Amino acid sequence: MMKKIYNISLIATSIFAFITWNITQFIDPSIFGSEIVRHTATALINLILAYGFFHGSASIIILLSNRFVKVKKLILGSSFIEGVWVGYTLGKMDGSDPRYIVQKIEQTIDSIIINVRSYNESLSLRTNTVSKFASIDASRNILIYITEARRMNELLFGAVYIEMHLINKGQSTPPERMTGVGTYLEDGSTRKSLTKKLSDLPHNYEYWQLIKEAKTFYDENFTIADELLKNTSYKKD
């Protein structure tokens, strides 16, 4: 995303440099003593101004995007995933062992933090994890992240590697759903996952409401989601 910000800043700087160059041409030539000195001085002045404008505009864009969700959404486009997500994971394809999940994703231009809570069929908290690493592969439209899963009833930590395919309605629109696979590195087991975005941040939901939304999503969409999950596959580069 930083590349996109720099491209925007570069375009703005080019326009700024064109304007300032034309303005500096109106400086009285007698101030510099000779044409060579005048051209050298005006070129140096424009270079310094353009350099400062480029870095200043990039910093302003980053500041605005981190303060205002609408700006962040505009900059990140199809990679904007910040918000509250609900859904479920399956270890068996018959859907007999669902775990309902609630995700809170915080995102800046250059970082992603994902908090995931999973609940068993009795709606008791099973795991509560925070991502150790998270990144979006824009070319593949995939979110990749690693968590350390601590089961609430066991003194056990296990790393989980997760790949989620972002499902967008349009090429530049934020994703509304994610589907993918999580692999537990301790034993190689996998769980397939389907989630939907519920709202941007901040949100007004209580956790019991989020859990209810996750369970309802499973109840209403399992048949369709099951077919989608069966067809989920990733080719490693």
# chains A, B, ... in the order shown; residues from 1 in each chain; ligands from 1
call {"tool": "residues_around", "arguments": {"residues": "segment 105-118 of chain A", "least_positions_apart": "3", "cutoff": "9 Å", "atoms": "only C-alpha atoms", "output": "ChimeraX atom specification"}}
result
/A:1-2,62,65-66,72,75-76,80-85,88-89,99-102,123-136,145,147,201,211
call {"tool": "write_last_selection", "arguments": {"atoms": "N, CA and C atoms", "output": "compact mmCIF listing (two decimals), in the first residue's frame"}}
result
# COMPACT_ATOMS: atom_id res chain seq x y z
N MET A 1 0.82 -1.21 0.00
CA MET A 1 0.00 0.00 0.00
C MET A 1 0.86 1.27 0.00
N MET A 2 2.06 1.15 0.56
CA MET A 2 2.94 2.32 0.55
C MET A 2 3.28 2.73 -0.88
N ILE A 62 -0.90 9.26 4.96
CA ILE A 62 -0.83 8.19 5.96
C ILE A 62 -1.55 8.60 7.23
N SER A 65 -5.33 8.60 6.62
CA SER A 65 -5.87 7.25 6.46
C SER A 65 -5.95 6.52 7.79
N ASN A 66 -5.02 6.80 8.69
CA ASN A 66 -5.04 6.14 9.99
C ASN A 66 -6.02 6.79 10.96
N LYS A 72 -8.91 5.66 4.72
CA LYS A 72 -8.21 4.37 4.74
C LYS A 72 -8.83 3.39 3.75
N ILE A 75 -7.83 4.36 0.22
CA ILE A 75 -6.44 4.05 -0.10
C ILE A 75 -6.23 2.54 -0.25
N LEU A 76 -6.77 1.76 0.70
CA LEU A 76 -6.55 0.32 0.70
C LEU A 76 -7.39 -0.41 -0.35
N PHE A 80 -8.88 -3.56 2.03
CA PHE A 80 -9.41 -3.04 3.29
C PHE A 80 -10.22 -4.12 4.00
N ILE A 81 -9.69 -4.65 5.11
CA ILE A 81 -10.36 -5.72 5.84
C ILE A 81 -10.65 -5.34 7.30
N GLU A 82 -10.32 -4.12 7.69
CA GLU A 82 -10.55 -3.71 9.08
C GLU A 82 -12.03 -3.81 9.43
N GLY A 83 -12.30 -4.31 10.64
CA GLY A 83 -13.68 -4.41 11.08
C GLY A 83 -13.92 -5.64 11.92
N VAL A 84 -15.18 -5.96 12.11
CA VAL A 84 -15.60 -7.14 12.87
C VAL A 84 -16.12 -8.19 11.89
N TRP A 85 -15.58 -9.40 12.01
CA TRP A 85 -15.96 -10.50 11.14
C TRP A 85 -16.50 -11.65 12.00
N TYR A 88 -17.33 -19.30 10.92
CA TYR A 88 -17.07 -20.59 11.57
C TYR A 88 -15.95 -21.34 10.87
N THR A 89 -15.41 -22.35 11.56
CA THR A 89 -14.42 -23.26 10.99
C THR A 89 -14.95 -24.67 11.09
N ARG A 99 -16.88 -24.65 14.84
CA ARG A 99 -16.43 -23.72 15.87
C ARG A 99 -16.81 -22.34 15.35
N TYR A 100 -17.54 -21.62 16.15
CA TYR A 100 -17.99 -20.28 15.76
C TYR A 100 -16.88 -19.29 16.09
N ILE A 101 -16.59 -18.41 15.17
CA ILE A 101 -15.46 -17.50 15.38
C ILE A 101 -15.88 -16.04 15.24
N VAL A 102 -15.23 -15.22 16.04
CA VAL A 102 -15.41 -13.77 16.01
C VAL A 102 -14.02 -13.15 15.83
N LEU A 123 -21.22 -22.86 22.77
CA LEU A 123 -20.96 -21.42 22.77
C LEU A 123 -20.05 -20.97 23.91
N SER A 124 -19.22 -21.90 24.39
CA SER A 124 -18.20 -21.57 25.39
C SER A 124 -16.91 -21.18 24.68
N LEU A 125 -16.21 -20.20 25.25
CA LEU A 125 -14.96 -19.75 24.65
C LEU A 125 -13.94 -20.88 24.63
N ARG A 126 -13.38 -21.16 23.47
CA ARG A 126 -12.40 -22.23 23.34
C ARG A 126 -10.99 -21.70 23.17
N THR A 127 -10.81 -20.73 22.29
CA THR A 127 -9.49 -20.12 22.10
C THR A 127 -9.61 -18.62 21.95
N ASN A 128 -8.57 -17.92 22.32
CA ASN A 128 -8.49 -16.47 22.17
C ASN A 128 -7.08 -16.15 21.71
N THR A 129 -6.93 -15.71 20.48
CA THR A 129 -5.59 -15.54 19.91
C THR A 129 -5.43 -14.16 19.29
N VAL A 130 -4.18 -13.74 19.16
CA VAL A 130 -3.83 -12.50 18.46
C VAL A 130 -2.74 -12.84 17.45
N SER A 131 -2.87 -12.33 16.26
CA SER A 131 -1.91 -12.65 15.20
C SER A 131 -0.50 -12.18 15.55
N LYS A 132 0.47 -13.02 15.21
CA LYS A 132 1.88 -12.67 15.37
C LYS A 132 2.44 -12.05 14.10
N PHE A 133 1.80 -12.38 13.01
CA PHE A 133 2.17 -11.84 11.70
C PHE A 133 0.93 -11.84 10.82
N ALA A 134 0.74 -10.80 10.04
CA ALA A 134 -0.40 -10.74 9.11
C ALA A 134 -0.03 -9.86 7.93
N SER A 135 -0.40 -10.32 6.75
CA SER A 135 -0.08 -9.58 5.54
C SER A 135 -1.06 -9.97 4.43
N ILE A 136 -1.32 -9.05 3.52
CA ILE A 136 -2.18 -9.33 2.37
C ILE A 136 -1.33 -9.42 1.11
N TYR A 145 -1.87 -15.05 7.69
CA TYR A 145 -1.46 -14.68 9.05
C TYR A 145 -1.16 -15.90 9.90
N THR A 147 -0.99 -17.24 14.01
CA THR A 147 -1.37 -17.00 15.39
C THR A 147 -0.79 -18.09 16.28
N LEU A 201 -14.95 -0.69 12.17
CA LEU A 201 -14.64 -0.26 13.53
C LEU A 201 -14.86 1.24 13.64
N ILE A 211 -21.38 -13.69 18.80
CA ILE A 211 -21.43 -15.15 18.80
C ILE A 211 -22.73 -15.63 18.16
call {"tool": "select_by_dssp", "arguments": {"residues": "segment 14-226 of chain A", "states": "strand (DSSP E or B)", "output": "PyMOL selection string"}}
result
chain A and resi 83-90+99-107+112-119+125-137+142-151+157-167+177-184+190-199
call {"tool": "residues_around", "arguments": {"residues": "segment 17-21 of chain A", "least_positions_apart": "3", "cutoff": "7 Å", "atoms": "only C-alpha atoms", "output": "PyMOL selection string"}}
result
chain A and resi 13-14+24-25+46+50
call {"tool": "residues_around", "arguments": {"residues": "Asp97 of chain A", "least_positions_apart": "5", "cutoff": "9 Å", "atoms": "only C-alpha atoms", "output": "NGL selection string"}}
result
:A and (89-92 or 120-121)
call {"tool": "select_by_dssp", "arguments": {"residues": "segment 141-228 of chain A", "states": "alpha helix (DSSP H)", "output": "list in words"}}
result
Tyr207, Trp208, Gln209, Leu210, Ile211, Lys212, Glu213, Ala214, Lys215, Thr216, Phe217, Tyr218, Asp219, Glu220, Asn221, Phe222, Thr223, Ile224, Ala225, Asp226, Glu227 and Leu228 of chain A
call {"tool": "atom_distance", "arguments": {"atom1": "atom CA of Thr42 of chain A", "atom2": "atom CA of Ile11 of chain A"}}
result
20.9 Å
call {"tool": "closest_residue", "arguments": {"among": "A:Gly77, A:Gly182, A:Gly87, A:Gly52", "to": "Leu198 of chain A", "atoms": "only C-alpha atoms"}}
result
A:Gly87
call {"tool": "atom_distance", "arguments": {"atom1": "atom CA of Lys169 of chain A", "atom2": "atom CA of Lys215 of chain A"}}
result
24.0 Å
call {"tool": "closest_residue", "arguments": {"among": "A:Ala159, A:Leu47, A:Leu143, A:Ile61", "to": "Asp187 of chain A", "atoms": "only C-alpha atoms"}}
result
A:Ala159
